[in-house]
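Undergrad: Sharing structure-v8.cif (mmCIF, C-alpha atoms and all ligand atoms) below.
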```
data_model
loop_
_atom_site.label_atom_id
_atom_site.label_comp_id
_atom_site.auth_asym_id
_atom_site.auth_seq_id
_atom_site.Cartn_x
_atom_site.Cartn_y
_atom_site.Cartn_z
CA MET I 16 -45.63 -12.67 -1.72
CA ALA I 17 -48.97 -10.93 -1.24
CA LYS I 18 -51.87 -13.28 -1.88
CA LYS I 19 -54.64 -12.48 -4.35
CA GLY I 20 -57.48 -13.31 -2.01
CA ARG I 21 -58.94 -16.32 -0.24
CA VAL I 22 -59.84 -19.76 -1.46
CA PHE I 23 -62.17 -22.07 0.42
CA SER I 24 -63.39 -25.55 -0.38
CA GLY I 25 -64.84 -28.42 1.56
CA ALA I 26 -65.93 -31.99 1.08
CA ARG I 27 -67.77 -34.50 3.21
CA PRO I 28 -65.59 -37.02 5.05
CA THR I 29 -66.15 -39.88 2.65
CA GLY I 30 -62.85 -41.54 3.59
CA ARG I 31 -60.26 -42.45 1.01
CA GLN I 32 -60.34 -40.12 -1.96
CA HIS I 33 -60.51 -41.26 -5.57
CA LEU I 34 -59.18 -40.01 -8.88
CA GLY I 35 -62.40 -38.04 -9.45
CA ASN I 36 -61.92 -36.11 -6.21
CA TYR I 37 -58.27 -35.57 -7.04
CA LEU I 38 -58.63 -34.38 -10.61
CA GLY I 39 -61.91 -32.53 -10.02
CA ALA I 40 -61.02 -30.73 -6.80
CA ILE I 41 -57.89 -31.58 -4.75
CA LYS I 42 -55.49 -30.76 -7.57
CA ASN I 43 -56.86 -27.22 -7.58
CA TYR I 44 -56.73 -26.99 -3.77
CA VAL I 45 -53.01 -27.70 -3.99
CA ALA I 46 -52.29 -25.42 -6.96
CA LEU I 47 -54.20 -22.43 -5.57
CA GLN I 48 -52.20 -22.39 -2.33
CA ASP I 49 -49.36 -20.60 -4.13
CA THR I 50 -51.41 -17.56 -4.97
CA TYR I 51 -54.31 -17.56 -2.49
CA ASP I 52 -54.76 -17.71 1.22
CA SER I 53 -56.29 -21.18 1.42
CA VAL I 54 -58.85 -22.70 3.76
CA TYR I 55 -59.85 -26.35 3.30
CA CYS I 56 -62.53 -27.98 5.35
CA ILE I 57 -63.66 -31.53 6.02
CA VAL I 58 -67.38 -30.93 6.37
CA ASP I 59 -68.43 -33.49 8.96
CA VAL I 60 -71.73 -31.74 9.76
CA HIS I 61 -72.79 -32.06 6.12
CA ALA I 62 -72.06 -35.76 6.34
CA LEU I 63 -74.81 -36.09 8.96
CA THR I 64 -77.41 -35.43 6.26
CA THR I 65 -76.72 -38.80 4.66
CA VAL I 66 -74.99 -41.16 7.09
CA GLU I 67 -76.96 -43.66 9.14
CA THR I 68 -74.32 -43.92 11.83
CA THR I 69 -71.43 -41.73 12.92
CA GLU I 70 -69.18 -44.62 13.94
CA ASN I 71 -66.91 -44.19 10.88
CA LEU I 72 -66.87 -40.40 10.89
CA LYS I 73 -63.58 -40.04 12.80
CA GLN I 74 -61.78 -42.63 10.72
CA ASN I 75 -63.11 -41.21 7.44
CA THR I 76 -62.04 -37.72 8.48
CA PHE I 77 -58.56 -39.03 9.27
CA GLU I 78 -58.30 -40.88 5.94
CA MET I 79 -59.38 -37.80 4.05
CA ALA I 80 -56.93 -35.56 5.89
CA LEU I 81 -54.18 -38.05 5.01
CA ASP I 82 -55.11 -37.90 1.33
CA TRP I 83 -55.31 -34.12 1.18
CA LEU I 84 -52.03 -33.66 3.04
CA ALA I 85 -50.25 -36.32 0.99
CA ALA I 86 -51.57 -34.68 -2.20
CA GLY I 87 -49.82 -31.46 -1.21
CA ILE I 88 -51.90 -29.32 1.13
CA ARG I 89 -49.35 -27.42 3.22
CA PRO I 90 -50.78 -27.11 6.74
CA ASP I 91 -48.30 -24.51 7.95
CA GLU I 92 -49.45 -22.12 5.24
CA SER I 93 -53.01 -23.20 4.52
CA ILE I 94 -55.76 -23.95 6.99
CA LEU I 95 -56.97 -27.54 7.07
CA PHE I 96 -59.75 -28.12 9.57
CA VAL I 97 -62.95 -29.94 10.52
CA GLN I 98 -66.25 -28.07 10.08
CA SER I 99 -67.70 -28.88 13.53
CA HIS I 100 -64.64 -27.31 15.22
CA VAL I 101 -66.02 -23.92 14.13
CA PRO I 102 -69.57 -23.74 15.53
CA GLU I 103 -69.96 -20.15 14.25
CA VAL I 104 -70.92 -21.70 10.92
CA MET I 105 -74.18 -23.03 12.41
CA GLU I 106 -75.07 -19.54 13.61
CA LEU I 107 -74.42 -18.02 10.20
CA HIS I 108 -76.43 -20.83 8.62
CA THR I 109 -79.44 -19.81 10.71
CA TYR I 110 -79.16 -16.15 9.74
CA LEU I 111 -78.76 -17.01 6.05
CA SER I 112 -81.79 -19.30 6.21
CA MET I 113 -83.92 -16.21 6.94
CA VAL I 114 -83.15 -14.77 3.49
CA THR I 115 -83.56 -18.10 1.66
CA PRO I 116 -86.86 -18.79 -0.11
CA PHE I 117 -88.06 -22.30 0.68
CA GLY I 118 -89.00 -23.01 -2.95
CA LYS I 119 -85.50 -22.28 -4.13
CA LEU I 120 -84.17 -25.08 -1.97
CA THR I 121 -86.77 -27.62 -3.05
CA ASP I 122 -86.09 -26.74 -6.71
CA LEU I 123 -82.36 -27.49 -6.59
CA PRO I 124 -81.44 -30.54 -8.71
CA THR I 125 -79.04 -31.76 -6.02
CA PHE I 126 -81.87 -31.84 -3.46
CA LYS I 127 -84.19 -33.67 -5.85
CA GLU I 128 -81.47 -36.24 -6.49
CA LYS I 129 -80.97 -36.83 -2.77
CA VAL I 130 -84.71 -37.29 -2.30
CA ARG I 131 -84.60 -39.99 -4.98
CA GLN I 132 -81.54 -41.59 -3.41
CA GLN I 133 -82.80 -41.70 0.19
CA PRO I 134 -86.61 -41.34 0.19
CA GLU I 135 -86.75 -42.80 3.70
CA ASN I 136 -84.57 -40.04 5.13
CA VAL I 137 -85.49 -36.67 3.65
CA ASN I 138 -84.36 -34.66 6.67
CA TYR I 139 -84.39 -30.91 7.19
CA GLY I 140 -80.58 -30.79 7.04
CA LEU I 141 -80.68 -32.22 3.54
CA LEU I 142 -82.89 -29.36 2.39
CA GLY I 143 -80.71 -26.78 4.13
CA TYR I 144 -77.45 -28.26 2.80
CA PRO I 145 -76.80 -25.40 0.33
CA VAL I 146 -77.47 -22.82 3.07
CA LEU I 147 -74.91 -24.46 5.36
CA MET I 148 -72.53 -24.71 2.42
CA THR I 149 -73.00 -20.99 1.75
CA ALA I 150 -72.26 -20.30 5.42
CA ASP I 151 -69.08 -22.42 5.15
CA ILE I 152 -67.91 -20.38 2.20
CA VAL I 153 -68.83 -16.85 3.23
CA LEU I 154 -67.71 -17.22 6.83
CA TYR I 155 -64.13 -17.03 5.53
CA LYS I 156 -64.81 -14.09 3.17
CA THR I 157 -63.97 -16.42 0.31
CA ASP I 158 -63.18 -15.15 -3.19
CA ILE I 159 -62.74 -18.47 -5.00
CA VAL I 160 -64.26 -21.93 -4.48
CA PRO I 161 -62.54 -24.79 -6.35
CA VAL I 162 -65.07 -27.61 -6.79
CA GLY I 163 -66.21 -30.10 -9.40
CA ILE I 164 -68.87 -29.11 -11.93
CA ASP I 165 -71.60 -30.93 -9.95
CA GLN I 166 -71.24 -28.28 -7.26
CA ALA I 167 -71.69 -25.29 -9.60
CA PRO I 168 -75.42 -24.79 -8.81
CA HIS I 169 -74.55 -24.57 -5.10
CA ILE I 170 -72.02 -21.82 -5.71
CA GLU I 171 -74.58 -19.91 -7.79
CA PHE I 172 -76.99 -20.37 -4.87
CA ALA I 173 -74.33 -19.01 -2.48
CA ARG I 174 -73.86 -15.93 -4.67
CA GLU I 175 -77.59 -15.22 -4.73
CA THR I 176 -77.83 -15.73 -0.97
CA VAL I 177 -75.02 -13.27 -0.36
CA ARG I 178 -76.81 -10.70 -2.55
CA SER I 179 -80.08 -11.25 -0.68
CA PHE I 180 -78.41 -10.95 2.71
CA ASN I 181 -76.43 -7.84 1.82
CA TYR I 182 -79.51 -6.22 0.30
CA ARG I 183 -81.78 -7.10 3.22
CA PHE I 184 -79.38 -5.72 5.80
CA ASN I 185 -78.01 -2.95 3.61
CA THR I 186 -74.43 -4.10 4.03
CA LYS I 187 -71.42 -5.34 2.06
CA VAL I 188 -70.19 -7.57 4.82
CA LEU I 189 -70.54 -10.84 2.86
CA ILE I 190 -68.54 -11.49 -0.32
CA GLU I 191 -69.90 -13.20 -3.44
CA PRO I 192 -67.66 -16.19 -4.19
CA GLN I 193 -66.57 -17.25 -7.67
CA VAL I 194 -66.53 -20.90 -8.71
CA LYS I 195 -63.38 -22.46 -10.14
CA HIS I 196 -63.22 -25.80 -11.93
CA THR I 197 -60.17 -27.81 -12.96
CA GLU I 198 -59.61 -28.57 -16.65
CA VAL I 199 -61.08 -32.03 -16.03
CA LEU I 200 -64.71 -31.24 -15.32
CA LYS I 201 -66.02 -34.72 -14.83
CA VAL I 202 -63.93 -37.81 -14.25
CA VAL I 203 -65.75 -40.87 -15.54
CA GLY I 204 -65.62 -44.10 -13.52
CA ILE I 205 -64.16 -47.44 -14.56
CA ASP I 206 -67.57 -48.33 -16.04
CA GLY I 207 -66.77 -45.77 -18.74
CA LYS I 208 -70.22 -44.27 -18.26
CA ASP I 209 -71.05 -42.57 -14.95
CA LYS I 210 -69.23 -39.96 -12.90
CA MET I 211 -66.53 -41.61 -10.81
CA SER I 212 -68.00 -42.01 -7.38
CA LYS I 213 -67.52 -44.13 -4.29
CA SER I 214 -71.24 -44.85 -4.03
CA LEU I 215 -71.28 -46.31 -7.56
CA ASN I 216 -68.18 -48.37 -6.80
CA ASN I 217 -66.64 -47.33 -10.11
CA HIS I 218 -63.73 -45.48 -8.51
CA ILE I 219 -59.96 -45.81 -8.25
CA GLU I 220 -58.66 -44.85 -4.81
CA LEU I 221 -55.49 -42.79 -4.61
CA ALA I 222 -54.31 -44.74 -1.58
CA SER I 223 -54.64 -48.22 -3.10
CA THR I 224 -51.48 -50.25 -3.62
CA ALA I 225 -49.94 -50.39 -7.09
CA GLU I 226 -51.29 -53.96 -7.49
CA GLU I 227 -54.83 -53.00 -6.48
CA THR I 228 -54.71 -50.03 -8.83
CA THR I 229 -53.55 -52.13 -11.76
CA LYS I 230 -56.34 -54.64 -11.08
CA ARG I 231 -58.90 -51.84 -11.06
CA VAL I 232 -57.52 -50.29 -14.25
CA ARG I 233 -57.78 -53.68 -15.97
CA GLU I 234 -61.52 -53.59 -15.24
CA MET I 235 -61.94 -50.28 -17.09
CA VAL I 236 -64.50 -50.29 -19.89
CA THR I 237 -63.03 -49.14 -23.23
CA ASP I 238 -64.64 -48.36 -26.59
CA PRO I 239 -67.61 -50.79 -26.52
CA ALA I 240 -67.56 -51.20 -30.31
CA ARG I 241 -64.11 -52.79 -30.06
CA GLN I 242 -64.77 -56.47 -29.40
CA ARG I 243 -61.47 -58.02 -30.49
CA LYS I 244 -57.88 -56.86 -30.49
CA THR I 245 -57.98 -56.86 -34.28
CA ASP I 246 -60.89 -54.34 -34.35
CA PRO I 247 -59.78 -50.72 -34.72
CA GLY I 248 -60.75 -48.60 -31.70
CA ASN I 249 -61.83 -45.01 -31.19
CA PRO I 250 -59.73 -43.26 -28.52
CA ASP I 251 -62.00 -40.19 -28.68
CA ILE I 252 -64.73 -42.08 -26.81
CA CYS I 253 -62.47 -44.19 -24.59
CA ASN I 254 -62.06 -43.31 -20.91
CA VAL I 255 -58.68 -45.06 -20.75
CA PHE I 256 -57.39 -42.72 -23.45
CA THR I 257 -58.77 -39.72 -21.53
CA MET I 258 -56.74 -40.90 -18.52
CA HIS I 259 -53.64 -41.42 -20.66
CA LYS I 260 -53.88 -37.79 -21.70
CA ILE I 261 -53.66 -36.81 -18.04
CA PHE I 262 -51.06 -39.25 -16.74
CA SER I 263 -48.92 -40.45 -19.66
CA PRO I 264 -46.02 -38.81 -21.50
CA GLN I 265 -47.01 -37.03 -24.71
CA GLU I 266 -45.16 -39.49 -27.02
CA GLU I 267 -47.08 -42.38 -25.51
CA VAL I 268 -50.39 -40.55 -25.88
CA ASP I 269 -49.59 -39.80 -29.52
CA MET I 270 -48.58 -43.42 -30.16
CA ILE I 271 -51.82 -44.79 -28.63
CA ASN I 272 -53.88 -42.26 -30.55
CA VAL I 273 -52.49 -43.66 -33.79
CA GLU I 274 -52.11 -47.34 -32.94
CA CYS I 275 -55.54 -47.81 -31.31
CA ARG I 276 -57.27 -46.53 -34.44
CA ARG I 277 -55.47 -49.11 -36.60
CA ALA I 278 -55.63 -51.96 -34.07
CA GLY I 279 -51.88 -51.77 -33.56
CA ILE I 280 -52.27 -51.81 -29.77
CA GLY I 281 -54.81 -53.85 -27.77
CA CYS I 282 -56.90 -52.60 -24.85
CA VAL I 283 -55.09 -54.79 -22.30
CA ASP I 284 -51.70 -53.40 -23.27
CA CYS I 285 -53.13 -49.87 -23.34
CA LYS I 286 -54.59 -50.26 -19.82
CA LEU I 287 -51.36 -51.70 -18.43
CA ARG I 288 -49.46 -48.73 -19.79
CA PHE I 289 -51.92 -46.38 -18.10
CA ALA I 290 -51.73 -48.33 -14.82
CA ASN I 291 -47.93 -48.11 -14.86
CA ASN I 292 -47.95 -44.38 -15.50
CA LEU I 293 -50.60 -43.78 -12.87
CA ASN I 294 -48.70 -45.84 -10.29
CA LYS I 295 -45.52 -43.96 -11.07
CA ASP I 296 -47.34 -40.65 -10.64
CA LEU I 297 -48.85 -41.76 -7.32
CA GLU I 298 -45.61 -43.15 -5.84
CA PRO I 299 -44.58 -39.98 -3.92
CA PHE I 300 -48.19 -39.51 -2.77
CA ARG I 301 -48.33 -43.04 -1.38
CA ALA I 302 -44.98 -42.73 0.40
CA LYS I 303 -46.03 -39.45 2.04
CA ARG I 304 -49.41 -40.88 2.99
CA ALA I 305 -47.86 -43.94 4.63
CA ASP I 306 -45.59 -41.68 6.65
CA LEU I 307 -48.48 -39.49 7.83
CA GLU I 308 -50.59 -42.53 8.63
CA SER I 309 -47.95 -43.65 11.10
CA LYS I 310 -48.29 -40.29 12.94
CA PRO I 311 -52.00 -39.94 13.77
CA SER I 312 -51.43 -37.46 16.61
CA TYR I 313 -49.43 -35.20 14.27
CA VAL I 314 -52.36 -35.23 11.82
CA GLN I 315 -54.82 -34.52 14.64
CA ASP I 316 -52.65 -31.59 15.76
CA ILE I 317 -52.81 -30.19 12.22
CA LEU I 318 -56.62 -30.38 12.26
CA ASN I 319 -56.86 -28.86 15.75
CA ASP I 320 -54.50 -26.04 14.88
CA GLY I 321 -56.38 -25.44 11.60
CA GLY I 322 -59.63 -25.31 13.58
CA LYS I 323 -58.24 -22.60 15.87
CA ARG I 324 -57.01 -20.49 12.96
CA ALA I 325 -60.29 -20.93 11.06
CA ARG I 326 -62.27 -20.02 14.16
CA ALA I 327 -60.38 -16.76 14.61
CA ILE I 328 -61.45 -15.69 11.10
CA ALA I 329 -65.00 -16.94 11.70
CA GLN I 330 -65.39 -15.01 14.95
CA GLN I 331 -64.27 -11.81 13.29
CA THR I 332 -66.76 -12.30 10.43
CA MET I 333 -69.58 -13.12 12.85
CA SER I 334 -69.06 -9.96 14.88
CA GLU I 335 -69.31 -7.97 11.63
CA VAL I 336 -72.39 -9.94 10.57
CA ARG I 337 -74.18 -9.40 13.90
CA GLU I 338 -73.40 -5.71 13.75
CA ALA I 339 -74.67 -5.46 10.16
CA MET I 340 -77.87 -7.20 11.21
CA GLN I 341 -78.24 -4.78 14.16
CA LEU I 342 -78.76 -7.64 16.54
CA PRO I 343 -79.31 -6.32 20.05
P1 LIG E 401 -69.12 -33.79 -1.55
O1 LIG E 401 -70.46 -34.36 -1.88
O2 LIG E 401 -68.94 -33.48 -0.12
O3 LIG E 401 -68.73 -32.63 -2.43
P2 LIG E 401 -67.65 -35.66 -3.10
O4 LIG E 401 -66.75 -36.75 -2.62
O5 LIG E 401 -68.81 -36.01 -3.93
O6 LIG E 401 -68.07 -34.95 -1.80
O7 LIG E 401 -66.81 -34.59 -3.89
C1 LIG E 401 -65.68 -33.90 -3.36
C2 LIG E 401 -65.14 -32.98 -4.44
O8 LIG E 401 -64.68 -33.75 -5.56
C3 LIG E 401 -66.20 -32.04 -5.02
O9 LIG E 401 -65.60 -30.79 -5.32
C4 LIG E 401 -66.65 -32.72 -6.28
O10 LIG E 401 -67.14 -31.81 -7.23
C5 LIG E 401 -65.37 -33.40 -6.75
N1 LIG E 401 -65.65 -34.64 -7.49
C6 LIG E 401 -66.16 -35.79 -6.97
N2 LIG E 401 -66.28 -36.75 -7.92
C7 LIG E 401 -65.84 -36.20 -9.07
C8 LIG E 401 -65.69 -36.68 -10.43
N3 LIG E 401 -66.03 -37.93 -10.77
N4 LIG E 401 -65.22 -35.84 -11.35
C9 LIG E 401 -64.85 -34.56 -11.02
N5 LIG E 401 -64.95 -34.05 -9.78
C10 LIG E 401 -65.43 -34.85 -8.81
#
```
Written as structure tokens, how would this file's structure read?

TA:
Amino acid sequence: MAKKGRVFSGARPTGRQHLGNYLGAIKNYVALQDTYDSVYCIVDVHALTTVETTENLKQNTFEMALDWLAAGIRPDESILFVQSHVPEVMELHTYLSMVTPFGKLTDLPTFKEKVRQQPENVNYGLLGYPVLMTADIVLYKTDIVPVGIDQAPHIEFARETVRSFNYRFNTKVLIEPQVKHTEVLKVVGIDGKDKMSKSLNNHIELASTAEETTKRVREMVTDPARQRKTDPGNPDICNVFTMHKIFSPQEEVDMINVECRRAGIGCVDCKLRFANNLNKDLEPFRAKRADLESKPSYVQDILNDGGKRARAIAQQTMSEVREAMQLP
């Protein structure tokens, strides 16, 4: 079947992926493969903006590849690769930086947040992150970028950068990408408050065992106004209920919706039901992941092969870019 266009997305090698990554991004990576030519990248160079040491980079890349493949990325059809295997992206980053106003980068909320998070390491790469991200995307002539809502300003930045570049060099060589979110825009962590994130340690890893997952789910914060089992709860503001709506059968969701409000079901029971449904859902993922984990050279071959295929596209784009720029 002819594909509608190209999808690209990337994420830093943060190791084992969590439910937020899955529901906010990976689920779309998998779904879009059916209709789009898909390119998925583990952006190890981006990771250098925040990591203090690179000693875990290889392992984290491997863990992430395992998660993405086990979740359903099909490496024979789609391209799965590591950013640094395609050095053309650094060249495009440099060219794009010439049409990027400095003030625009310093104004980005994501940059300001990073400055707050790591004031001792405000490096140049951190400032240029959105430019490199734009290069990642446009190098593959991408139409659609599936990412979580937190990344939306970066995609808008990429679109503006493409317009500036094309205008400056009077060309149409670069394509403006469109952002695509999943229906779950922001997965909240087990604290019931903040975005699920590894750095906040409020996450549930996809690759945990069923026992570990159940333990984590039991720690989830529910409706804070509900102190005792006999108090009626409000599912509309409860993160456990939000998760039930994603992972539980409709009859169970309907039952909880009614029973929670009249204190007919307690939070512990409700969480155990969610944990069971989540574990059931993740069973095939875990089996596939364990199998892949036992074949590290097979996974490495996938990444190497993906790198070669990605590089062929990148080299073609770069020759068009250099020509458009009239580089001697
Ligand atoms: P990066 O900073 O490299 O994007 P992250 O691990 O923060 O790495 O995110 C990877 C992908 O998962 C991104 O598309 C991001 O938007 C999405 N994501 C991460 N956490 C959440 C969350 N809690 N809810 C929804 N989407 C999320």

Undergrad: Taking every listed atom of ligand LIG 401 (chain E) and adding 8 Å to each side, what centre and edge lengths in Å (one decimal) does the axis-aligned box have, as AutoDock Vina command-line options?

TA:
```
--center_x -67.6 --center_y -34.4 --center_z -5.7 --size_x 21.8 --size_y 23.1 --size_z 27.2
```

Undergrad: Here is a test: counting all atoms listed in the file, which residue of I:Pro250, I:Ser223, I:Lys323, I:Ile152 is nearest to I:Glu191?

TA: I:Ile152

Undergrad: Would you mind reading off the distance between atom CA of I:Val273 and atom CA of I:Met258, one decimal, in Å?

TA: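 It comes out at 16.1 Å.
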
Undergrad: When you look at I:Tyr110 with a cut-off of 12 Å (counting all atoms listed in the file), what residues show up, excluding the ones that are within fewer than 5 positions of it in the same chain? I need them as an MDAnalysis selection string.

TA: chainID I and resid 103:105 115 146:147 149:150 154 176:177 179:181 183:184 333 336:337 339:340 342

Undergrad: Can you list, as a PDB file with C-alpha atoms, in the coordinates of the input, every protein, DNA or RNA residue that comes within 6 Å of I:Ala85 when you count all atoms listed in the file, leaving out same-chain residues fewer than 3 positions away?

TA:
```pdb
ATOM      1  CA  LEU I  81     -54.180 -38.050   5.010  1.00  0.00           C
ATOM      2  CA  ASP I  82     -55.110 -37.900   1.330  1.00  0.00           C
ATOM      3  CA  PHE I 300     -48.190 -39.510  -2.770  1.00  0.00           C
ATOM      4  CA  LYS I 303     -46.030 -39.450   2.040  1.00  0.00           C
ATOM      5  CA  ARG I 304     -49.410 -40.880   2.990  1.00  0.00           C
TER       6      ARG I 304
END
```

Undergrad: Tell me which protein, DNA and RNA residues are within 10 Å of I:Val22, counting all atoms listed in the file, leaving out same-chain ones fewer than 5 positions away, and put them as a PyMOL selection string.

TA: chain I and resi 44+47-48+50-55+93+152+155-161+192-195

Undergrad: Could the residues in this selection be written to a file with C-alpha atoms, as an mmCIF file, keeping the file's coordinate frame?

TA:
```cif
data_model
loop_
_atom_site.group_PDB
_atom_site.id
_atom_site.type_symbol
_atom_site.label_atom_id
_atom_site.label_comp_id
_atom_site.auth_asym_id
_atom_site.auth_seq_id
_atom_site.Cartn_x
_atom_site.Cartn_y
_atom_site.Cartn_z
ATOM 1 C CA TYR I 44 -56.730 -26.990 -3.770
ATOM 2 C CA LEU I 47 -54.200 -22.430 -5.570
ATOM 3 C CA GLN I 48 -52.200 -22.390 -2.330
ATOM 4 C CA THR I 50 -51.410 -17.560 -4.970
ATOM 5 C CA TYR I 51 -54.310 -17.560 -2.490
ATOM 6 C CA ASP I 52 -54.760 -17.710 1.220
ATOM 7 C CA SER I 53 -56.290 -21.180 1.420
ATOM 8 C CA VAL I 54 -58.850 -22.700 3.760
ATOM 9 C CA TYR I 55 -59.850 -26.350 3.300
ATOM 10 C CA SER I 93 -53.010 -23.200 4.520
ATOM 11 C CA ILE I 152 -67.910 -20.380 2.200
ATOM 12 C CA TYR I 155 -64.130 -17.030 5.530
ATOM 13 C CA LYS I 156 -64.810 -14.090 3.170
ATOM 14 C CA THR I 157 -63.970 -16.420 0.310
ATOM 15 C CA ASP I 158 -63.180 -15.150 -3.190
ATOM 16 C CA ILE I 159 -62.740 -18.470 -5.000
ATOM 17 C CA VAL I 160 -64.260 -21.930 -4.480
ATOM 18 C CA PRO I 161 -62.540 -24.790 -6.350
ATOM 19 C CA PRO I 192 -67.660 -16.190 -4.190
ATOM 20 C CA GLN I 193 -66.570 -17.250 -7.670
ATOM 21 C CA VAL I 194 -66.530 -20.900 -8.710
ATOM 22 C CA LYS I 195 -63.380 -22.460 -10.140
#
```

Undergrad: Do you have the atom CA of I:Ser309-atom CA of I:Glu78 distance handy?

TA: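 Straight-line distance from atom CA of I:Ser309 to atom CA of I:Glu78 works out to 11.9 Å.
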
Undergrad: Residues at most 6 Å from ligand LIG 401 (chain E), using only C-alpha atoms and all ligand atoms? Could they come as a list in words?

TA: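 Selection of residues at most 6 Å from ligand LIG 401 (chain E): Ala26, Arg27, Gly35, Asn36, Gly39, Ala40, Val162, Gly163, Ile164, Asp165, Gln166, Leu200, Lys201, Val202, Val203, Lys210, Met211 and Ser212 of chain I.
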
Undergrad: Output C-alpha atoms for every residue in the selection just made, as an mmCIF file, keeping the file's coordinate frame.

TA:
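Saved to out-v5.cif:
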```cif
data_model
loop_
_atom_site.group_PDB
_atom_site.id
_atom_site.type_symbol
_atom_site.label_atom_id
_atom_site.label_comp_id
_atom_site.auth_asym_id
_atom_site.auth_seq_id
_atom_site.Cartn_x
_atom_site.Cartn_y
_atom_site.Cartn_z
ATOM 1 C CA ALA I 26 -65.930 -31.990 1.080
ATOM 2 C CA ARG I 27 -67.770 -34.500 3.210
ATOM 3 C CA GLY I 35 -62.400 -38.040 -9.450
ATOM 4 C CA ASN I 36 -61.920 -36.110 -6.210
ATOM 5 C CA GLY I 39 -61.910 -32.530 -10.020
ATOM 6 C CA ALA I 40 -61.020 -30.730 -6.800
ATOM 7 C CA VAL I 162 -65.070 -27.610 -6.790
ATOM 8 C CA GLY I 163 -66.210 -30.100 -9.400
ATOM 9 C CA ILE I 164 -68.870 -29.110 -11.930
ATOM 10 C CA ASP I 165 -71.600 -30.930 -9.950
ATOM 11 C CA GLN I 166 -71.240 -28.280 -7.260
ATOM 12 C CA LEU I 200 -64.710 -31.240 -15.320
ATOM 13 C CA LYS I 201 -66.020 -34.720 -14.830
ATOM 14 C CA VAL I 202 -63.930 -37.810 -14.250
ATOM 15 C CA VAL I 203 -65.750 -40.870 -15.540
ATOM 16 C CA LYS I 210 -69.230 -39.960 -12.900
ATOM 17 C CA MET I 211 -66.530 -41.610 -10.810
ATOM 18 C CA SER I 212 -68.000 -42.010 -7.380
#
```

Undergrad: With distances taken over all atoms listed in the file, which of I:Tyr144, I:Thr237, I:Asp59, I:Thr228 is nearest to I:Val101?

TA: I:Asp59

Undergrad: Please return, as a PyMOL selection string, all polymer residues that have at least one atom within 6 Å of the point (-57.5, -48.0, -21.0); use only C-alpha atoms and the file's own coordinate frame.

TA: chain I and resi 255-256+285-286

Undergrad: Write the residues of the preceding selection, restricted to C-alpha atoms, as a PDB file, in the frame of the given file.

TA:
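File produced: again.pdb:
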```pdb
ATOM      1  CA  VAL I 255     -58.680 -45.060 -20.750  1.00  0.00           C
ATOM      2  CA  PHE I 256     -57.390 -42.720 -23.450  1.00  0.00           C
ATOM      3  CA  CYS I 285     -53.130 -49.870 -23.340  1.00  0.00           C
ATOM      4  CA  LYS I 286     -54.590 -50.260 -19.820  1.00  0.00           C
TER       5      LYS I 286
END
```

Undergrad: For atom CA of I:Ala86 and atom CA of I:Ala225, quote the distance in Å rounded to one decimal.

TA: 16.5 Å

Undergrad: Between I:Ile57, I:Thr64, I:Phe77, I:Asn272, which has the minimum distance to I:Leu307 (counting all atoms listed in the file)?

TA: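 Comparing I:Ile57, I:Thr64, I:Phe77, I:Asn272 against I:Leu307, the winner is I:Phe77.
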
Undergrad: Show me, as an MDAnalysis selection string, the residues that have an atom within 10 Å of I:Ser263 when counting all atoms listed in the file, minus same-chain residues fewer than 2 positions from it.

TA: chainID I and resid 256 258:261 265:269 288:293 295:296

Undergrad: Could you tell me which of I:Val66, I:Val236, I:Leu142, I:Cys253 comes closest to I:Phe117 if we count all atoms listed in the file?

TA: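 Of I:Val66, I:Val236, I:Leu142, I:Cys253, the one nearest I:Phe117, counting all atoms listed in the file, is I:Leu142.
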
Undergrad: Of the residues I:His100, I:Lys42, I:Lys119, I:Lys127, which is the one nearest to I:Asn319, using all atoms listed in the file?

TA: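 Of I:His100, I:Lys42, I:Lys119, I:Lys127, the one nearest I:Asn319 is I:His100, counting all atoms listed in the file.
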
Undergrad: Using only C-alpha atoms, find the one residue out of I:Asn43, I:Thr224, I:Thr65, I:Asn216 that sits nearest to I:Asn138.

TA: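 For I:Asn138, the nearest of the given residues is I:Thr65.
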